[in-house]
file model-v2.txt (compact mmCIF, C-alpha atoms and all ligand atoms)
# COMPACT_ATOMS: atom_id res chain seq x y z
CA ALA A 1 55.63 61.99 54.50
CA ALA A 2 53.78 61.00 57.67
CA LEU A 3 54.79 57.42 57.15
CA TYR A 4 58.37 58.43 56.59
CA GLY A 5 58.29 60.56 59.75
CA ALA A 6 57.00 57.61 61.77
CA LYS A 7 59.81 55.46 60.46
CA ALA A 8 62.36 58.11 61.11
CA GLU A 9 61.42 58.08 64.79
CA GLY A 10 61.73 54.33 65.06
CA ARG A 11 63.97 53.18 67.87
CA ASP A 12 66.63 51.72 65.56
CA GLY A 13 67.02 55.07 63.85
CA VAL A 14 66.06 55.95 60.33
CA ARG A 15 68.98 54.47 58.48
CA PHE A 16 68.00 50.86 58.01
CA HIS A 17 64.29 51.55 57.71
CA ASP A 18 64.76 53.48 54.54
CA PRO A 19 64.85 50.84 51.84
CA GLU A 20 66.58 53.08 49.31
CA LEU A 21 69.33 54.07 51.68
CA HIS A 22 69.69 50.48 52.80
CA ALA A 23 70.08 49.36 49.18
CA LEU A 24 72.64 52.08 48.62
CA LEU A 25 74.70 51.09 51.63
CA THR A 26 74.55 47.42 50.68
CA ALA A 27 75.63 48.21 47.13
CA ARG A 28 78.50 50.26 48.46
CA ALA A 29 79.65 47.51 50.81
CA THR A 30 79.45 44.99 47.94
CA MET A 31 81.39 47.31 45.68
CA GLU A 32 84.04 47.79 48.36
CA SER A 33 84.68 44.09 48.79
CA GLU A 34 84.66 43.62 45.01
CA LEU A 35 87.20 46.42 44.65
CA ARG A 36 89.34 44.77 47.32
CA ASP A 37 89.39 41.55 45.26
CA ALA A 38 89.69 43.20 41.86
CA LEU A 39 93.45 43.65 42.10
CA ASN A 40 94.10 39.96 42.85
CA ARG A 41 91.66 38.92 40.16
CA ASP A 42 93.41 40.86 37.46
CA GLU A 43 90.33 42.95 36.72
CA MET A 44 92.14 46.28 36.49
CA VAL A 45 93.55 47.47 33.20
CA LEU A 46 95.31 50.62 32.02
CA TYR A 47 94.22 52.61 29.01
CA TYR A 48 96.59 55.09 27.38
CA GLN A 49 95.57 58.44 25.98
CA PRO A 50 98.14 59.88 23.56
CA GLN A 51 99.68 63.32 23.96
CA MET A 52 101.00 65.15 20.92
CA ASN A 53 103.32 68.04 20.13
CA ALA A 54 103.09 70.91 17.64
CA GLU A 55 104.05 68.68 14.69
CA GLY A 56 101.28 66.25 15.61
CA ARG A 57 103.77 63.64 16.82
CA ILE A 58 102.84 61.43 19.74
CA ILE A 59 105.25 62.25 22.56
CA GLY A 60 103.64 60.47 25.45
CA ALA A 61 100.53 59.03 27.03
CA GLU A 62 98.48 59.39 30.17
CA ALA A 63 97.73 56.09 31.87
CA LEU A 64 94.07 55.94 32.93
CA VAL A 65 92.75 53.07 35.00
CA ARG A 66 89.70 50.97 34.04
CA TRP A 67 87.95 48.20 35.96
CA ARG A 68 86.70 45.23 33.98
CA HIS A 69 83.91 44.49 36.41
CA PRO A 70 82.53 40.95 36.11
CA ARG A 71 78.87 42.05 36.40
CA LEU A 72 78.89 45.72 35.39
CA GLY A 73 81.32 45.75 32.46
CA LEU A 74 84.08 48.29 31.89
CA LEU A 75 84.01 50.93 34.64
CA THR A 76 85.77 54.31 34.47
CA PRO A 77 87.38 55.97 37.50
CA ALA A 78 84.24 58.05 38.12
CA ASP A 79 82.58 54.81 39.27
CA PHE A 80 85.18 53.75 41.81
CA ILE A 81 88.02 56.22 42.56
CA THR A 82 86.06 58.05 45.29
CA LEU A 83 85.27 54.72 46.95
CA ALA A 84 88.95 53.76 46.65
CA GLU A 85 89.96 57.08 48.26
CA ASP A 86 87.42 56.77 51.10
CA THR A 87 88.40 53.20 51.97
CA GLY A 88 92.15 53.56 51.61
CA LEU A 89 92.11 51.05 48.74
CA ILE A 90 93.62 53.82 46.62
CA LEU A 91 97.01 52.83 48.11
CA PRO A 92 97.15 49.26 46.72
CA LEU A 93 95.31 50.40 43.58
CA GLY A 94 97.70 53.29 43.01
CA ARG A 95 100.64 51.00 43.51
CA TRP A 96 99.22 48.56 40.96
CA VAL A 97 98.74 51.41 38.48
CA LEU A 98 102.33 52.58 38.91
CA GLU A 99 103.65 49.08 38.51
CA ALA A 100 101.58 48.35 35.41
CA ALA A 101 102.54 51.69 33.81
CA CYS A 102 106.26 51.12 34.52
CA GLU A 103 106.10 47.60 33.08
CA GLN A 104 104.51 49.03 29.95
CA LEU A 105 107.16 51.75 29.77
CA ALA A 106 109.91 49.14 30.04
CA THR A 107 108.37 47.18 27.16
CA TRP A 108 108.01 50.27 25.02
CA SER A 109 111.55 51.47 25.75
CA THR A 110 112.99 48.43 23.94
CA HIS A 111 111.26 49.37 20.68
CA GLU A 112 112.69 52.06 18.48
CA ASP A 113 109.29 53.62 17.71
CA SER A 114 108.26 54.02 21.32
CA ALA A 115 111.60 54.45 23.06
CA HIS A 116 111.12 58.16 23.73
CA LEU A 117 107.58 58.05 25.05
CA ALA A 118 106.83 59.52 28.46
CA VAL A 119 104.00 58.02 30.49
CA SER A 120 102.01 60.14 32.95
CA VAL A 121 100.47 58.46 35.97
CA ASN A 122 97.83 60.02 38.21
CA VAL A 123 98.85 60.01 41.87
CA SER A 124 96.36 60.71 44.64
CA GLY A 125 97.04 62.79 47.73
CA ARG A 126 97.13 59.78 50.02
CA GLN A 127 99.82 58.22 47.87
CA ILE A 128 102.17 61.18 47.54
CA ARG A 129 101.94 61.93 51.29
CA HIS A 130 102.65 58.33 52.26
CA PRO A 131 106.06 57.92 53.95
CA GLU A 132 106.79 54.80 51.90
CA PHE A 133 105.83 56.25 48.54
CA VAL A 134 109.33 57.21 47.40
CA GLY A 135 110.70 53.79 48.32
CA GLN A 136 107.84 52.12 46.49
CA VAL A 137 108.40 54.07 43.31
CA LEU A 138 112.14 53.36 43.46
CA ALA A 139 111.56 49.64 43.96
CA ILE A 140 109.12 49.51 41.04
CA LEU A 141 111.45 51.46 38.76
CA CYS A 142 114.40 49.21 39.65
CA ARG A 143 112.39 46.03 39.18
CA CYS A 144 111.01 47.09 35.81
CA GLY A 145 114.26 48.62 34.59
CA THR A 146 112.27 51.62 33.41
CA ASN A 147 114.08 54.74 32.26
CA LEU A 148 113.50 57.09 35.18
CA SER A 149 113.09 60.15 33.03
CA SER A 150 110.14 58.62 31.14
CA LEU A 151 107.90 58.60 34.19
CA LYS A 152 105.76 61.65 34.91
CA LEU A 153 103.50 61.88 37.93
CA GLU A 154 100.32 63.97 37.79
CA LEU A 155 99.21 65.69 40.98
CA THR A 156 96.25 67.98 41.49
CA GLU A 157 96.38 71.23 43.40
CA SER A 158 94.20 69.77 46.17
CA VAL A 159 97.09 67.45 47.04
CA LEU A 160 99.04 70.50 48.10
CA MET A 161 96.49 71.74 50.58
CA ASP A 162 97.68 69.89 53.66
CA GLU A 163 100.90 68.29 54.88
CA THR A 164 102.61 70.27 52.17
CA GLU A 165 106.04 69.70 53.72
CA HIS A 166 105.74 65.89 53.36
CA VAL A 167 104.55 66.28 49.80
CA ILE A 168 107.41 68.56 48.83
CA ARG A 169 109.97 66.30 50.48
CA ASN A 170 108.70 63.26 48.56
CA MET A 171 108.54 65.23 45.34
CA ASP A 172 112.11 66.49 45.77
CA ALA A 173 113.38 62.95 46.40
CA LEU A 174 111.64 61.60 43.29
CA LYS A 175 112.70 64.57 41.23
CA SER A 176 116.34 63.97 42.15
CA ILE A 177 116.19 60.48 40.63
CA GLY A 178 114.72 61.80 37.38
CA VAL A 179 110.95 61.49 37.82
CA SER A 180 109.03 64.52 36.56
CA PHE A 181 105.82 66.18 37.78
CA SER A 182 102.78 67.70 36.16
CA LEU A 183 100.19 69.82 37.98
CA ASP A 184 96.87 68.37 36.77
CA ASP A 185 93.56 70.22 36.29
CA PHE A 186 95.48 73.45 36.76
CA GLY A 187 93.32 76.48 37.48
CA THR A 188 90.48 74.63 39.18
CA GLY A 189 92.02 74.16 42.62
CA TYR A 190 92.87 76.45 45.48
CA SER A 191 96.62 76.40 45.47
CA SER A 192 98.30 79.71 45.98
CA LEU A 193 100.59 80.73 43.19
CA SER A 194 103.48 80.94 45.66
CA TYR A 195 103.51 77.12 45.75
CA LEU A 196 104.51 77.02 42.13
CA ASN A 197 107.98 78.19 43.08
CA ARG A 198 108.41 75.76 45.96
CA LEU A 199 107.33 72.65 44.07
CA PRO A 200 109.71 70.81 41.77
CA LEU A 201 107.27 70.93 38.86
CA ASP A 202 107.96 70.33 35.20
CA GLU A 203 104.57 70.94 33.63
CA LEU A 204 101.21 72.63 34.08
CA LYS A 205 98.17 70.87 32.65
CA ILE A 206 95.36 73.21 31.62
CA ASP A 207 92.05 71.84 32.86
CA ARG A 208 89.49 70.58 30.38
CA SER A 209 86.86 73.06 31.60
CA PHE A 210 88.84 76.00 30.20
CA VAL A 211 89.65 74.21 26.96
CA ARG A 212 86.00 73.22 26.49
CA ASP A 213 84.80 76.84 26.48
CA ILE A 214 87.86 78.45 24.97
CA LEU A 215 86.12 79.35 21.68
CA THR A 216 82.89 80.61 23.20
CA ASP A 217 83.75 82.14 26.56
CA SER A 218 86.27 84.96 26.76
CA HIS A 219 87.00 84.28 30.44
CA SER A 220 88.03 80.70 29.70
CA ALA A 221 90.17 81.92 26.82
CA ILE A 222 91.89 84.50 29.05
CA ILE A 223 92.53 81.92 31.76
CA ALA A 224 93.98 79.43 29.27
CA ARG A 225 96.20 82.11 27.77
CA THR A 226 97.30 83.25 31.23
CA ILE A 227 98.22 79.69 32.29
CA VAL A 228 100.33 79.28 29.15
CA GLY A 229 102.12 82.57 29.87
CA LEU A 230 102.60 81.63 33.53
CA ALA A 231 104.14 78.30 32.54
CA HIS A 232 106.50 79.97 30.08
CA ASN A 233 107.55 82.59 32.60
CA LEU A 234 108.26 79.95 35.24
CA GLY A 235 110.21 77.82 32.78
CA LEU A 236 107.64 75.01 32.86
CA SER A 237 106.13 73.15 29.96
CA VAL A 238 102.38 73.27 29.47
CA ILE A 239 99.85 70.81 28.06
CA ALA A 240 96.13 71.22 27.40
CA GLU A 241 93.72 68.38 28.21
CA GLY A 242 90.32 67.72 26.70
CA VAL A 243 91.13 69.18 23.28
CA GLU A 244 88.27 68.07 21.05
CA SER A 245 88.66 70.15 17.88
CA ALA A 246 91.24 71.60 15.51
CA GLU A 247 89.87 75.07 16.32
CA GLN A 248 90.60 74.62 20.01
CA ARG A 249 94.07 73.31 19.22
CA ASP A 250 94.81 76.22 16.88
CA LEU A 251 93.79 78.84 19.42
CA LEU A 252 95.91 77.13 22.10
CA ALA A 253 98.83 77.12 19.66
CA GLU A 254 98.33 80.84 19.11
CA TYR A 255 98.65 81.29 22.88
CA GLY A 256 101.92 79.33 22.81
CA CYS A 257 100.68 75.94 24.04
CA HIS A 258 102.14 73.20 21.86
CA SER A 259 101.18 69.99 23.65
CA TYR A 260 97.71 68.52 23.51
CA GLN A 261 95.67 65.63 24.75
CA GLY A 262 92.04 64.94 23.97
CA TYR A 263 89.43 63.30 21.79
CA PHE A 264 90.63 65.44 18.86
CA LEU A 265 93.64 63.17 18.75
CA SER A 266 92.27 60.05 20.42
CA PRO A 267 90.27 58.76 23.40
CA PRO A 268 92.14 56.59 25.94
CA LEU A 269 93.03 53.26 24.27
CA PRO A 270 94.09 49.78 25.35
CA ALA A 271 97.90 49.43 25.04
CA GLU A 272 97.80 47.51 21.74
CA GLN A 273 95.55 50.03 20.06
CA PHE A 274 97.75 52.81 21.36
CA GLU A 275 100.76 51.12 19.75
CA GLN A 276 98.88 50.85 16.45
CA LEU A 277 98.06 54.55 16.53
CA LEU A 278 101.69 55.33 17.30
CA LEU A 279 102.90 53.30 14.31
CA LYS A 280 100.32 54.95 12.06
CA SER A 281 101.37 58.44 13.21
CA LEU A 282 105.01 57.59 12.46
CA SER A 283 104.28 56.39 8.93
CA THR A 284 102.43 59.53 7.83
P1 LIG B 1 91.96 63.38 34.58
O1 LIG B 1 93.32 63.13 35.15
O2 LIG B 1 91.57 64.81 34.39
O3 LIG B 1 91.93 62.56 33.22
C1 LIG B 1 91.34 63.00 32.04
C2 LIG B 1 89.94 62.47 31.90
O4 LIG B 1 89.31 63.17 30.82
C3 LIG B 1 89.89 61.00 31.51
O5 LIG B 1 88.71 60.44 32.08
C4 LIG B 1 89.74 61.05 30.00
O6 LIG B 1 89.14 59.90 29.45
C5 LIG B 1 88.88 62.26 29.82
N1 LIG B 1 89.10 62.91 28.53
C6 LIG B 1 90.24 62.90 27.80
N2 LIG B 1 90.12 63.61 26.69
C7 LIG B 1 88.87 64.12 26.67
C8 LIG B 1 88.16 64.98 25.75
O7 LIG B 1 88.67 65.41 24.72
N3 LIG B 1 86.89 65.29 26.09
C9 LIG B 1 86.29 64.83 27.22
N4 LIG B 1 85.03 65.19 27.46
N5 LIG B 1 86.94 64.04 28.11
C10 LIG B 1 88.22 63.69 27.84
P2 LIG B 1 88.78 59.11 32.92
O8 LIG B 1 89.71 58.13 32.29
O9 LIG B 1 87.37 58.70 33.16
O10 LIG B 1 89.45 59.56 34.28
C11 LIG B 1 88.78 60.42 35.15
C12 LIG B 1 89.66 60.82 36.30
O11 LIG B 1 89.97 59.71 37.12
C13 LIG B 1 91.02 61.36 35.84
O12 LIG B 1 90.85 62.67 35.47
C14 LIG B 1 91.85 61.15 37.10
O13 LIG B 1 91.68 62.23 37.99
C15 LIG B 1 91.23 59.91 37.72
N6 LIG B 1 92.10 58.77 37.46
C16 LIG B 1 92.23 58.05 36.34
N7 LIG B 1 93.15 57.06 36.49
C17 LIG B 1 93.62 57.17 37.75
C18 LIG B 1 94.62 56.48 38.52
O14 LIG B 1 95.28 55.54 38.06
N8 LIG B 1 94.83 56.90 39.82
C19 LIG B 1 94.15 57.96 40.34
N9 LIG B 1 94.42 58.31 41.59
N10 LIG B 1 93.22 58.63 39.66
C20 LIG B 1 92.96 58.26 38.37
CA CA B 2 95.38 63.36 34.97
CA CA B 3 93.34 66.29 34.22
CA CA B 4 90.28 67.74 34.39
call {"tool": "encode", "arguments": {"input": "model-v2.txt", "output": "structure tokens"}}
result
Amino acid sequence: AALYGAKAEGRDGVRFHDPELHALLTARATMESELRDALNRDEMVLYYQPQMNAEGRIIGAEALVRWRHPRLGLLTPADFITLAEDTGLILPLGRWVLEAACEQLATWSTHEDSAHLAVSVNVSGRQIRHPEFVGQVLAILCRCGTNLSSLKLELTESVLMDETEHVIRNMDALKSIGVSFSLDDFGTGYSSLSYLNRLPLDELKIDRSFVRDILTDSHSAIIARTIVGLAHNLGLSVIAEGVESAEQRDLLAEYGCHSYQGYFLSPPLPAEQFEQLLLKSLST
């Protein structure tokens, strides 16, 4: 501790005398420049996690980004989304994700089996607030020839905390061309319920934390049931994420929730594997 204290008082400040912190900062800087290059190097890939209805039919998929990192292997968003948000790289990354998802949608829409699929894309706060976002989405949709009503954008409640007017304006514009909106991780954020009326929403997505404890914790069960009722009363659809067992699904169904996503059905899959699962679900 004495040694550390002596270092801390060094004239260059503590930061670069602490080897661990130095290593951390270097790693972060490396990661940032690697992330910057990743898009040009074709290292990003989308996985698709199926969503099913009451009859067990696959009705859509959530696109989830993965980074095929040359040294570290396949990275999930937990490893790089915060860095992307902090550095502003979320804008080009988010645009790439939208483009890739719309291209996939356009491909699927030409096949009978997958023509009616909806694809959900996660959109960060910086994206939805950006003045050029609506134009970007329009340009991508036109270029890909995607059916506008097959694209769903997922926003979290935190997105609605500031610059709400910009967000609502962009949402209204996108809504008017047929894009739909889902409020992700619902119940975990701080949004006031009064927003629910002002936002052009189509769907509430019950957060995994409530679904996880739904069988064991009465509070989680009550919250899940209340969200389902709220959605019904507001004329919105509702989907549960993180459904891992038939028991969880059955209880949600009892509450009136008939759309599910989670390991019970499937983890996120590369596009080809998703297509195989879709074909299998159609033939049974
Ligand atoms: P999210 O939107 O809540 O996505 C669901 C996450 O839960 C995914 O993790 C998924 O793999 C995981 N999951 C799905 N089913 C189950 C289950 O039954 N049990 C458990 N334990 N987990 C399940 P993933 O793919 O690691 O994504 C994490 C978060 O990263 C996402 O959370 C989303 O907020 C963010 N994210 C993913 N892709 C994008 C993107 O393209 N853009 C932005 N801005 N954020 C993204
Ligand atoms: Ca999501
Ligand atoms: Ca979610
Ligand atoms: Ca969640």
call {"tool": "closest_atom_pairs", "arguments": {"input": "model-v2.txt", "of": "chain A", "to": "ligand CA 4 (chain B)", "cutoff": "6 Å", "atoms": "only C-alpha atoms and all ligand atoms", "output": "tab-separated table"}}
result
residue	atom	partner	partner_atom	distance
A:Asp185	CA	B:CA4	CA	4.5
A:Asp207	CA	B:CA4	CA	4.7
A:Arg208	CA	B:CA4	CA	5.0
call {"tool": "residues_around", "arguments": {"input": "model-v2.txt", "residues": "A:Asp113", "least_positions_apart": "6", "cutoff": "8 Å", "atoms": "all atoms listed in the file", "output": "list of chain:residue names"}}
result
A:Leu278, A:Leu279, A:Leu282
call {"tool": "atom_distance", "arguments": {"input": "model-v2.txt", "atom1": "atom CA of A:Pro131", "atom2": "atom CA of A:Asn197"}}
result
23.1 Å
call {"tool": "residues_near_ligand", "arguments": {"input": "model-v2.txt", "ligand": "ligand LIG 1 (chain B)", "cutoff": "6 Å", "atoms": "only C-alpha atoms and all ligand atoms", "output": "VMD selection string"}}
result
chain A and resid 64 to 65 76 to 78 94 97 122 to 124 242 to 244 262 to 263 267 to 268
call {"tool": "atom_distance", "arguments": {"input": "model-v2.txt", "atom1": "atom CA of A:Ser245", "atom2": "atom CA of A:Phe264"}}
result
5.2 Å
call {"tool": "closest_residue", "arguments": {"input": "model-v2.txt", "among": "A:Gly135, A:Gly60, A:Gly73, A:Gly189", "to": "ligand CA 3 (chain B)", "atoms": "only C-alpha atoms and all ligand atoms"}}
result
A:Gly189
call {"tool": "residues_near_ligand", "arguments": {"input": "model-v2.txt", "ligand": "ligand CA 3 (chain B)", "cutoff": "12 Å", "atoms": "all atoms listed in the file", "output": "JSON, numbers by chain"}}
result
{"A": [49, 62, 63, 64, 120, 121, 122, 123, 153, 154, 155, 156, 157, 182, 183, 184, 185, 186, 187, 188, 189, 204, 205, 206, 207, 208, 209, 210, 211, 239, 240, 241, 242, 243, 260, 261, 262]}
call {"tool": "atom_distance", "arguments": {"input": "model-v2.txt", "atom1": "atom CA of A:Leu215", "atom2": "atom CA of A:Leu251"}}
result
8.0 Å
call {"tool": "residues_near_point", "arguments": {"input": "model-v2.txt", "point": "(84.2, 42.3, 43.3)", "cutoff": "12 Å", "atoms": "all atoms listed in the file", "output": "compact mmCIF listing (two decimals) with C-alpha atoms, in the coordinates of the input"}}
result
# COMPACT_ATOMS: atom_id res chain seq x y z
CA ALA A 27 75.63 48.21 47.13
CA ARG A 28 78.50 50.26 48.46
CA ALA A 29 79.65 47.51 50.81
CA THR A 30 79.45 44.99 47.94
CA MET A 31 81.39 47.31 45.68
CA GLU A 32 84.04 47.79 48.36
CA SER A 33 84.68 44.09 48.79
CA GLU A 34 84.66 43.62 45.01
CA LEU A 35 87.20 46.42 44.65
CA ARG A 36 89.34 44.77 47.32
CA ASP A 37 89.39 41.55 45.26
CA ALA A 38 89.69 43.20 41.86
CA LEU A 39 93.45 43.65 42.10
CA ASN A 40 94.10 39.96 42.85
CA ARG A 41 91.66 38.92 40.16
CA ASP A 42 93.41 40.86 37.46
CA GLU A 43 90.33 42.95 36.72
CA MET A 44 92.14 46.28 36.49
CA TRP A 67 87.95 48.20 35.96
CA ARG A 68 86.70 45.23 33.98
CA HIS A 69 83.91 44.49 36.41
CA PRO A 70 82.53 40.95 36.11
CA ARG A 71 78.87 42.05 36.40
CA LEU A 72 78.89 45.72 35.39
CA GLY A 73 81.32 45.75 32.46
CA PHE A 80 85.18 53.75 41.81
call {"tool": "axis_aligned_box", "arguments": {"input": "model-v2.txt", "around": "stretch 207-224 of chain A", "padding_each_side": "3 Å", "output": "JSON"}}
result
{"center_x": 88.4, "center_y": 77.8, "center_z": 27.3, "size_x": 17.1, "size_y": 20.4, "size_z": 17.2}
call {"tool": "closest_residue", "arguments": {"input": "model-v2.txt", "among": "A:Asn53, A:Asn233, A:Asn170, A:Ser180", "to": "A:Cys257", "atoms": "only C-alpha atoms"}}
result
A:Asn53
call {"tool": "closest_residue", "arguments": {"input": "model-v2.txt", "among": "A:Lys152, A:Arg169, A:His22, A:His130", "to": "ligand CA 2 (chain B)", "atoms": "all atoms listed in the file"}}
result
A:Lys152
call {"tool": "closest_residue", "arguments": {"input": "model-v2.txt", "among": "A:Gln127, A:Ser237, A:Ser149, A:Gln104", "to": "A:Ser176", "atoms": "only C-alpha atoms"}}
result
A:Ser149
call {"tool": "closest_residue", "arguments": {"input": "model-v2.txt", "among": "A:Ala54, A:Val167, A:Cys142, A:Val137", "to": "A:Val179", "atoms": "all atoms listed in the file"}}
result
A:Val137
call {"tool": "closest_residue", "arguments": {"input": "model-v2.txt", "among": "A:Gly229, A:Gly256, A:Gly178, A:Pro50", "to": "A:Leu269", "atoms": "only C-alpha atoms"}}
result
A:Pro50
call {"tool": "build_atoms", "arguments": {"input": "model-v2.txt", "residues": "stretch 82-90 of chain A", "atoms": "all heavy atoms", "output": "compact mmCIF listing (two decimals), keeping the file's coordinate frame"}}
result
# COMPACT_ATOMS: atom_id res chain seq x y z
N THR A 82 86.47 57.46 44.01
CA THR A 82 86.06 58.05 45.29
C THR A 82 85.96 56.97 46.37
O THR A 82 86.43 57.16 47.49
CB THR A 82 84.70 58.77 45.15
OG1 THR A 82 84.79 59.67 44.05
CG2 THR A 82 84.37 59.54 46.40
N LEU A 83 85.37 55.84 46.01
CA LEU A 83 85.27 54.72 46.95
C LEU A 83 86.68 54.26 47.36
O LEU A 83 86.94 54.00 48.53
CB LEU A 83 84.50 53.57 46.31
CG LEU A 83 84.27 52.33 47.17
CD1 LEU A 83 83.36 52.65 48.35
CD2 LEU A 83 83.68 51.19 46.35
N ALA A 84 87.58 54.18 46.37
CA ALA A 84 88.95 53.76 46.65
C ALA A 84 89.64 54.75 47.60
O ALA A 84 90.36 54.35 48.51
CB ALA A 84 89.74 53.63 45.35
N GLU A 85 89.37 56.05 47.39
CA GLU A 85 89.96 57.08 48.26
C GLU A 85 89.40 56.95 49.67
O GLU A 85 90.15 56.97 50.65
CB GLU A 85 89.61 58.49 47.73
CG GLU A 85 90.20 58.83 46.38
CD GLU A 85 91.58 59.49 46.48
OE1 GLU A 85 92.10 59.60 47.60
OE2 GLU A 85 92.11 59.87 45.42
N ASP A 86 88.08 56.82 49.79
CA ASP A 86 87.42 56.77 51.10
C ASP A 86 87.84 55.56 51.92
O ASP A 86 87.88 55.62 53.14
CB ASP A 86 85.89 56.75 50.93
CG ASP A 86 85.36 58.06 50.36
OD1 ASP A 86 86.16 59.03 50.28
OD2 ASP A 86 84.17 58.12 50.00
N THR A 87 88.11 54.45 51.27
CA THR A 87 88.40 53.20 51.97
C THR A 87 89.89 52.94 52.13
O THR A 87 90.27 51.96 52.75
CB THR A 87 87.81 52.00 51.19
OG1 THR A 87 88.31 52.05 49.84
CG2 THR A 87 86.29 52.07 51.16
N GLY A 88 90.72 53.79 51.54
CA GLY A 88 92.15 53.56 51.61
C GLY A 88 92.64 52.57 50.55
O GLY A 88 93.84 52.32 50.43
N LEU A 89 91.71 51.99 49.80
CA LEU A 89 92.11 51.05 48.74
C LEU A 89 92.87 51.74 47.62
O LEU A 89 93.47 51.08 46.77
CB LEU A 89 90.87 50.34 48.17
CG LEU A 89 90.24 49.28 49.08
CD1 LEU A 89 88.89 48.82 48.55
CD2 LEU A 89 91.18 48.09 49.22
N ILE A 90 92.87 53.08 47.63
CA ILE A 90 93.62 53.82 46.62
C ILE A 90 95.12 53.52 46.74
O ILE A 90 95.85 53.61 45.74
CB ILE A 90 93.35 55.35 46.75
CG1 ILE A 90 93.86 56.11 45.53
CG2 ILE A 90 93.95 55.91 48.03
CD1 ILE A 90 93.09 55.87 44.27
